[in-house]
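Working notes, beginning with the structure itself.
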Amino acid sequence: MLNELSPNGKLFIFAIALLLLSPIIVFMLPFTISQTFYFSRDTIVLITPISNFTMLFLAITLIILTLIILGFKRNKYTYLITIITIVSGLVLGYFSLLSYIAIQNTQIVFKEYLHKTTYEWQDIKEVIYEYETGTVGTYYFQTKNNEKFVIEENGQFGMEEKSSIYNLANENGATFIEREKVK
């Protein structure tokens, strides 16, 4: 009996283990899911939005805090709160894996949770690429219906991806403007 760990101790150890693994989970899981499930051969760049990482961090934080609270006190009310909080954390974690931005050979796809917006390259009127030396650039797109949207570069944009976007814009009759950001 003396060598066995108490239920409170097990909950604290599980919370600490989850806390130690959370940076790996938060940084790797959204990339892994988006590159595994949303990748297609005609994708030029697949971007995982920052909101995915933030939501997954909040979900794991909720679960860790719930485990700590459960380690301190356990009664029917804390069990009810635990169930509600862990289910909320799991749902939040699930939703953190649903969003992505894909620039493909035929279209640009924005998927935010359960809503998906697609812009065909033929519908793009103008692409403006603004950059600042030494930092990442920003793409400003305008459709023929005067809808505007912005895609900021990240580490996934290389020279090959930039030239592919330039070529796709030119092939589909869109104006491509490259300029340095004005301060």
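Ordering of the structure tokens sets the chain letters (A, B, ...), residue numbers begin anew at 1 in every chain, and ligands are numbered from 1 in the order given.
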### Query
Skipping near chain neighbours, those fewer than 4 positions away, what residues fall within 8 Å of Ile16 (chain A) using only C-alpha atoms, listed as a ChimeraX atom specification?
/A:12,20,64
#### Entry: Filtered DSSP result for chain A, state strand (DSSP E), as number ranges by chain
A: 43-47, 100-104, 107-112, 115-120, 124-131, 138-143, 148-152, 175-180
Contacts of Ser22 (chain A) at 12 Å or less, counting only C-alpha atoms, minus same-chain residues fewer than 3 places along, as a compact mmCIF listing (two decimals) with N, CA, C and O atoms, in the first residue's frame?
# COMPACT_ATOMS: atom_id res chain seq x y z
N PHE A 14 0.27 12.95 -14.44
CA PHE A 14 -0.28 13.02 -15.79
C PHE A 14 -0.33 14.47 -16.29
O PHE A 14 -0.01 14.75 -17.44
N ALA A 15 -0.71 15.40 -15.40
CA ALA A 15 -0.74 16.82 -15.77
C ALA A 15 0.66 17.33 -16.09
O ALA A 15 0.85 18.07 -17.06
N ILE A 16 1.66 16.92 -15.30
CA ILE A 16 3.04 17.35 -15.55
C ILE A 16 3.56 16.75 -16.85
O ILE A 16 4.22 17.43 -17.65
N ALA A 17 3.24 15.47 -17.11
CA ALA A 17 3.68 14.84 -18.36
C ALA A 17 3.04 15.53 -19.56
O ALA A 17 3.73 15.79 -20.57
N LEU A 18 1.76 15.86 -19.45
CA LEU A 18 1.09 16.58 -20.54
C LEU A 18 1.68 17.97 -20.71
O LEU A 18 1.85 18.45 -21.84
N LEU A 19 2.03 18.62 -19.61
CA LEU A 19 2.67 19.93 -19.68
C LEU A 19 4.02 19.85 -20.39
O LEU A 19 4.35 20.72 -21.20
N ILE A 25 3.39 18.81 -28.91
CA ILE A 25 2.05 18.60 -29.47
C ILE A 25 1.56 19.86 -30.17
O ILE A 25 1.06 19.81 -31.29
N VAL A 26 1.71 21.01 -29.51
CA VAL A 26 1.20 22.27 -30.06
C VAL A 26 1.91 22.65 -31.35
O VAL A 26 1.27 23.12 -32.29
N PHE A 27 3.20 22.43 -31.43
CA PHE A 27 3.93 22.84 -32.63
C PHE A 27 3.90 21.81 -33.75
O PHE A 27 3.98 22.16 -34.92
N MET A 28 3.78 20.55 -33.42
CA MET A 28 3.85 19.52 -34.45
C MET A 28 2.49 19.05 -34.98
O MET A 28 2.36 18.77 -36.16
N LEU A 29 1.50 18.95 -34.12
CA LEU A 29 0.22 18.37 -34.52
C LEU A 29 -0.48 19.16 -35.63
O LEU A 29 -0.91 18.55 -36.62
N PHE A 53 -2.57 26.96 -33.79
CA PHE A 53 -1.64 26.73 -32.68
C PHE A 53 -2.19 27.32 -31.39
O PHE A 53 -2.09 26.71 -30.33
N LEU A 56 -5.08 25.11 -30.07
CA LEU A 56 -4.58 23.85 -29.52
C LEU A 56 -3.88 24.09 -28.19
O LEU A 56 -4.03 23.30 -27.25
N PHE A 57 -3.16 25.20 -28.07
CA PHE A 57 -2.53 25.56 -26.80
C PHE A 57 -3.58 25.76 -25.71
O PHE A 57 -3.44 25.28 -24.59
N LEU A 58 -4.66 26.47 -26.05
CA LEU A 58 -5.73 26.70 -25.07
C LEU A 58 -6.41 25.39 -24.68
O LEU A 58 -6.75 25.18 -23.51
N ALA A 59 -6.61 24.49 -25.64
CA ALA A 59 -7.24 23.21 -25.36
C ALA A 59 -6.39 22.38 -24.39
O ALA A 59 -6.91 21.83 -23.42
N ILE A 60 -5.09 22.33 -24.65
CA ILE A 60 -4.22 21.56 -23.76
C ILE A 60 -4.12 22.22 -22.39
O ILE A 60 -4.10 21.54 -21.36
N THR A 61 -4.09 23.55 -22.36
CA THR A 61 -4.06 24.26 -21.08
C THR A 61 -5.32 23.97 -20.26
O THR A 61 -5.24 23.76 -19.04
N LEU A 62 -6.47 23.95 -20.90
CA LEU A 62 -7.72 23.61 -20.21
C LEU A 62 -7.64 22.22 -19.59
O LEU A 62 -8.03 22.01 -18.45
N ILE A 63 -7.14 21.27 -20.36
CA ILE A 63 -7.06 19.90 -19.86
C ILE A 63 -6.07 19.79 -18.70
O ILE A 63 -6.35 19.13 -17.70
N ILE A 64 -4.94 20.46 -18.81
CA ILE A 64 -3.94 20.43 -17.73
C ILE A 64 -4.50 21.05 -16.46
O ILE A 64 -4.37 20.49 -15.37
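Distances from A:Leu98, A:Thr82, A:Tyr166, A:Tyr113 to Leu70 (chain A) were compared using only C-alpha atoms, and the smallest one belongs to A:Thr82.
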### Query
Can you list, as a ChimeraX atom specification, every protein, DNA or RNA residue that comes within 12 Å of Leu168 (chain A) when you count only C-alpha atoms, leaving out same-chain residues fewer than 4 positions away?
/A:44,103-108,120-127,161-164,172-176
### Query
Do you have the CA of Ser34 (chain A)-CA of Tyr140 (chain A) distance handy?
23.1 Å
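Computed from the coordinates, the CA of Asn8 (chain A) to CA of Ile83 (chain A) distance equals 16.8 Å.
Take the candidates A:Ile128, A:Phe31, A:Glu160, A:Val136 and check each one against Lys148 (chain A) using only C-alpha atoms; the shortest distance goes to A:Ile128.
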Could you give me the residues within region 2-178 of chain A that DSSP places in helix (DSSP H, G or I), as a short mmCIF file (atom, residue, chain, number, x, y, z; two decimals) with C-alpha atoms, in the first residue's frame?
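Output contents, as saved in part36.cif:
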data_model
loop_
_atom_site.label_atom_id
_atom_site.label_comp_id
_atom_site.auth_asym_id
_atom_site.auth_seq_id
_atom_site.Cartn_x
_atom_site.Cartn_y
_atom_site.Cartn_z
CA PRO A 7 -4.98 8.92 -7.36
CA ASN A 8 -4.10 12.57 -6.66
CA GLY A 9 -0.44 11.83 -7.38
CA LYS A 10 -1.33 10.05 -10.62
CA LEU A 11 -3.38 13.05 -11.77
CA PHE A 12 -0.53 15.47 -10.94
CA ILE A 13 2.01 13.28 -12.76
CA PHE A 14 -0.28 13.02 -15.79
CA ALA A 15 -0.74 16.82 -15.77
CA ILE A 16 3.04 17.35 -15.55
CA ALA A 17 3.68 14.84 -18.36
CA LEU A 18 1.09 16.58 -20.54
CA LEU A 19 2.67 19.93 -19.68
CA LEU A 20 6.09 18.66 -20.75
CA LEU A 21 4.75 17.18 -23.99
CA SER A 22 2.49 20.14 -24.83
CA PRO A 23 5.12 22.19 -26.73
CA ILE A 24 5.77 19.25 -29.04
CA ILE A 25 2.05 18.60 -29.47
CA VAL A 26 1.20 22.27 -30.06
CA PHE A 27 3.93 22.84 -32.63
CA MET A 28 3.85 19.52 -34.45
CA LEU A 29 0.22 18.37 -34.52
CA PRO A 30 -1.27 21.19 -36.67
CA PHE A 31 1.53 20.88 -39.24
CA THR A 32 1.30 17.11 -39.31
CA ILE A 33 -2.47 17.06 -39.70
CA SER A 34 -2.54 19.73 -42.42
CA GLN A 35 0.33 18.17 -44.39
CA THR A 36 -1.18 14.70 -44.07
CA PHE A 37 -4.89 15.25 -44.66
CA ILE A 50 -1.50 30.79 -36.27
CA SER A 51 -5.01 30.44 -34.83
CA ASN A 52 -4.63 26.65 -35.04
CA PHE A 53 -1.64 26.73 -32.68
CA THR A 54 -3.35 29.16 -30.30
CA MET A 55 -6.52 27.08 -30.07
CA LEU A 56 -4.58 23.85 -29.52
CA PHE A 57 -2.53 25.56 -26.80
CA LEU A 58 -5.73 26.70 -25.07
CA ALA A 59 -7.24 23.21 -25.36
CA ILE A 60 -4.22 21.56 -23.76
CA THR A 61 -4.06 24.26 -21.08
CA LEU A 62 -7.72 23.61 -20.21
CA ILE A 63 -7.06 19.90 -19.86
CA ILE A 64 -3.94 20.43 -17.73
CA LEU A 65 -5.72 22.87 -15.41
CA THR A 66 -8.63 20.47 -15.09
CA LEU A 67 -6.30 17.62 -14.13
CA ILE A 68 -4.62 19.81 -11.51
CA ILE A 69 -7.97 20.88 -10.03
CA LEU A 70 -9.08 17.26 -10.01
CA GLY A 71 -5.85 16.35 -8.21
CA PHE A 72 -6.62 18.77 -5.39
CA LYS A 76 -19.35 15.05 -7.81
CA TYR A 77 -19.16 18.74 -8.76
CA THR A 78 -15.49 18.63 -9.73
CA TYR A 79 -16.16 15.46 -11.75
CA LEU A 80 -18.97 17.25 -13.60
CA ILE A 81 -16.77 20.29 -14.23
CA THR A 82 -13.95 17.97 -15.31
CA ILE A 83 -16.10 16.17 -17.86
CA ILE A 84 -17.43 19.44 -19.27
CA THR A 85 -13.97 21.04 -19.41
CA ILE A 86 -12.21 18.04 -20.94
CA VAL A 87 -14.92 17.63 -23.58
CA SER A 88 -14.67 21.37 -24.31
CA GLY A 89 -10.88 21.06 -24.55
CA LEU A 90 -11.15 18.10 -26.93
CA VAL A 91 -13.67 19.93 -29.13
CA LEU A 92 -11.44 23.02 -29.14
CA GLY A 93 -8.47 20.80 -29.99
CA TYR A 94 -10.42 19.24 -32.86
CA PHE A 95 -11.41 22.62 -34.26
CA TRP A 121 -7.16 31.63 -60.47
CA GLN A 122 -9.29 32.78 -63.43
CA ASP A 123 -11.25 34.98 -61.01
CA MET A 159 11.76 30.97 -54.31
CA GLU A 160 10.02 28.12 -56.15
CA GLU A 161 6.67 28.91 -54.50
CA LYS A 162 7.02 32.63 -55.20
CA SER A 163 7.79 32.03 -58.86
CA SER A 164 4.87 29.57 -59.14
CA ILE A 165 2.46 32.21 -57.81
CA TYR A 166 3.91 34.75 -60.25
CA ASN A 167 3.55 32.31 -63.17
CA LEU A 168 -0.01 31.33 -62.22
CA ALA A 169 -1.05 34.97 -61.96
CA ASN A 170 0.41 35.75 -65.39
CA GLU A 171 -1.01 32.59 -67.01
#
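Computed from the coordinates, the CA of Tyr100 (chain A) to CA of Thr48 (chain A) distance equals 5.0 Å.
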### Task
Tell me which of A:Gly134, A:Val109, A:Ser6, A:Gly158 sits closest to Thr43 (chain A), counting only C-alpha atoms.
A:Val109
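Taking only C-alpha atoms into account, Val182 (chain A) lies nearest to A:Thr133 out of the set A:Thr133, A:Phe39, A:Glu112, A:Asn3.
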### Message
List as number ranges by chain the protein and nucleic acid residues near Glu178 (chain A), meaning an atom at most 8 Å away when only C-alpha atoms are counted, but skip any in the same chain fewer than 6 places from it.
### Response
A: 128-131
### Task
Would you please work out which residue, of A:Ala102, A:Ser96, A:Ile151, A:Ile177, is nearest to Arg41 (chain A) when using only C-alpha atoms?
A:Ala102
